[in-house]
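Here is the structure we will look at.
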Amino acid sequence: MKASIIPTETTPAKTIVTGTVYSILFTISFTHLLNDMMQSVIPAVYPLIKTNFNLSFTQIGLITLTFQLTASLLQPFIGFYTDKKPMPNSLAIGMGFTLIGLICISLATSFLTILISVSLIGMGSSVFHPESSRVAYLASGGKKGLAQSIFQLGGNAGSAIGPLLAALIIMPYGQFYIIWFAVAAVAAIVILSRIGKWYGEHMLLRTQNQVKAVNDEQPVFSRKRVIYSIVILLVLIFSKYFYMASMTSYFTFYLIDKFHVTVEQSQMYLFAFLAAVAAGTVIGGPLGDRFGRKYIIWISILGAAPFTLLLPHADLAWTVVLAVLIGVIISSAFSAILVYATDLVPGKVGMIAGLFFGFAFGMGGLGSAVLGWLADKTSIEYIFQICAFLPLIGIITIFLPNIEQKKVV
């Protein structure tokens with residue numbers, strides 16, 4: 001009799017993920033660190049590029065918009081496709097686009113060349129996030145909030161480290177030294193090639209647990225309620241990432257303009273904010289697993305409002321303190337939002353990850369462009385006064401269903 005191709009209980013253990021695979025989670029988190037570290041170099045060197053190419057704030061915003069659009073528009077489509085046909089090798093291939101983009105931006109001689117360079121980096125990101133999110137989900141062992149937090153920790157840590165390294169490596173020596181970050185891209189390609197092999201060996205998990213998957217992947221709510229809830233989550237992403245755009249793209253300019261600090265000092269303060277974002281990310285996922293993701297989403301976004309409203313009126317010391325508090329609080333939402341959304345639409349991890357990462361990047365890019373235009377028309381200080389009200393949108397979290405209670409029922 002021929003051997004059955006249908007997996008059974010005697011399937012070798014190495015092909016089935018039965019618990020949280022921390023080695024894979026921390027490895028994919030490290031590649032997320034490298035990926036987002038390289039991306040964060042772009043806004044970190046804005047003061048240098050603005051001076052070198054005599055750019056307006058509107059053009060600075062267009063650079064971010066170009067990067068974020070290429071990083072966002074492709075993600076849902078890539079996620080939707082790879083839900084049906086996973087592509088383990090795409091992780092390393094996507095990082096190859098980032099490598100080319102970094103080399104190009106280090107050699108850029110015009111505004112157009114910069115736009116092309118950042119679009120290549122954005123394309124690399126659009127491939128990386130949906131597939132790497134699926135790897136984190138696969139390695140979670142059911143601890144989805146924890147897994148997403150570990151994965152996001154790498155990205156946020158990379159975003160924090162990038163400006164610091166830019167201040168040490170690029171700002172003193174010039175634009176060409178961006179090319180040193182290409183070394184990180186090469187390292188990421190090597191690591192992602194190894195992760196891709198693990199991913200390829202374990203992506204039969206759904207087939208091997210088909211009976212369980214049929215039960216787990218039934219929608220918890222009606223289609224109308226799911227769509228309604230997804231729209232609310234996307235509005236919350238809008239409020240979070242529009243505010244984050246003001247910080248990541250213009251916080252350095254705000255500090256320089258209002259408090260007359262040096263570029264290097266402003267980079268250090270930006271690092272403090274981004275480090276706080278990384279810390280908040282670690283907190284959000286596990287708390288969501290324990291207390292319910294709706295409550296973490298609520299606290300994370302609406303809870304940041306008192307501090308964002310105070311920030312435009314604070315002196316330098318309190319501005320830094322408030323920025324750190326805002327970073328910790330507001331960053332704890334994304335892991336909870338993403339896992340909440342995958343629970344709403346089970347079995348579509350790639351599509352949901354692509355949609356939410358893509359929308360987040362898109363809102364960040366749109367926010368940067370709009371705020372850059374507004375800064376040219378008014379002032380940098382004015383955009384922080386306006387953006388201070390964005391976290392108040394978090395009040396709409398009240399309309400989200402309590403998905404954990406529904407599952408228990």
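In the structure tokens, chains take letters A, B, ... by order of appearance, with residues numbered from 1 within each chain and ligands from 1 in the order shown.
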Legend entry - stretch 268-273 of chain A surroundings by only C-alpha atoms, 7 Å radius, close-in-sequence under 5 positions cut, as a list in words: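 Selected residues are Ala160, Ile161, Pro163, Leu164, Phe251, Thr252, Val320, Ala323, Val324 and Gly327 of chain A.
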Within 8 Å of stretch 38-58 of chain A: each stretch 134-187 of chain A residue with its shortest pair, only C-alpha atoms, as a tab-separated table:
residue	atom	partner	partner_atom	distance
A:Gly158	CA	A:Ser40	CA	7.6
A:Ser159	CA	A:Ser40	CA	5.2
A:Ala160	CA	A:Ser40	CA	7.8
A:Gly162	CA	A:Ser40	CA	5.3
A:Pro163	CA	A:Ala44	CA	4.9
A:Ala166	CA	A:Val41	CA	6.3
A:Ala167	CA	A:Ala44	CA	7.9
A:Ile170	CA	A:Val45	CA	7.7
A:Met171	CA	A:Leu48	CA	6.9
A:Gly174	CA	A:Leu48	CA	7.8
A:Gln175	CA	A:Leu48	CA	7.5
A:Ile178	CA	A:Val41	CA	7.9
A:Phe181	CA	A:Met38	CA	6.4
A:Ala184	CA	A:Met38	CA	7.7
A:Ala185	CA	A:Met38	CA	7.8
Legend entry - Atomic separation - atom CA of A:Ala157 relative to atom CA of A:Ile179, Å: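 Atom CA of A:Ala157 lies at a distance of 20.5 Å from atom CA of A:Ile179.
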Inset, instruction - Have a look at A:Val21, A:Asn89, A:Gly79, A:Phe357 and name the one nearest to A:Val190; count only C-alpha atoms. - result: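 That would be A:Asn89, the residue with the smallest distance to A:Val190.
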Legend entry - Option closest in space to A:Pro172, from A:Val135, A:Ile24, A:Val263, A:Ile103 [counting only C-alpha atoms]: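 The answer is A:Val263, which sits nearest to A:Pro172.
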Legend entry - Neighbour list for A:Ala147 as number ranges by chain, cut-off 9 Å, only C-alpha atoms, skip fewer than 2 positions in-chain: A: 20, 22, 25, 136-137, 139-145, 149-152, 285-286
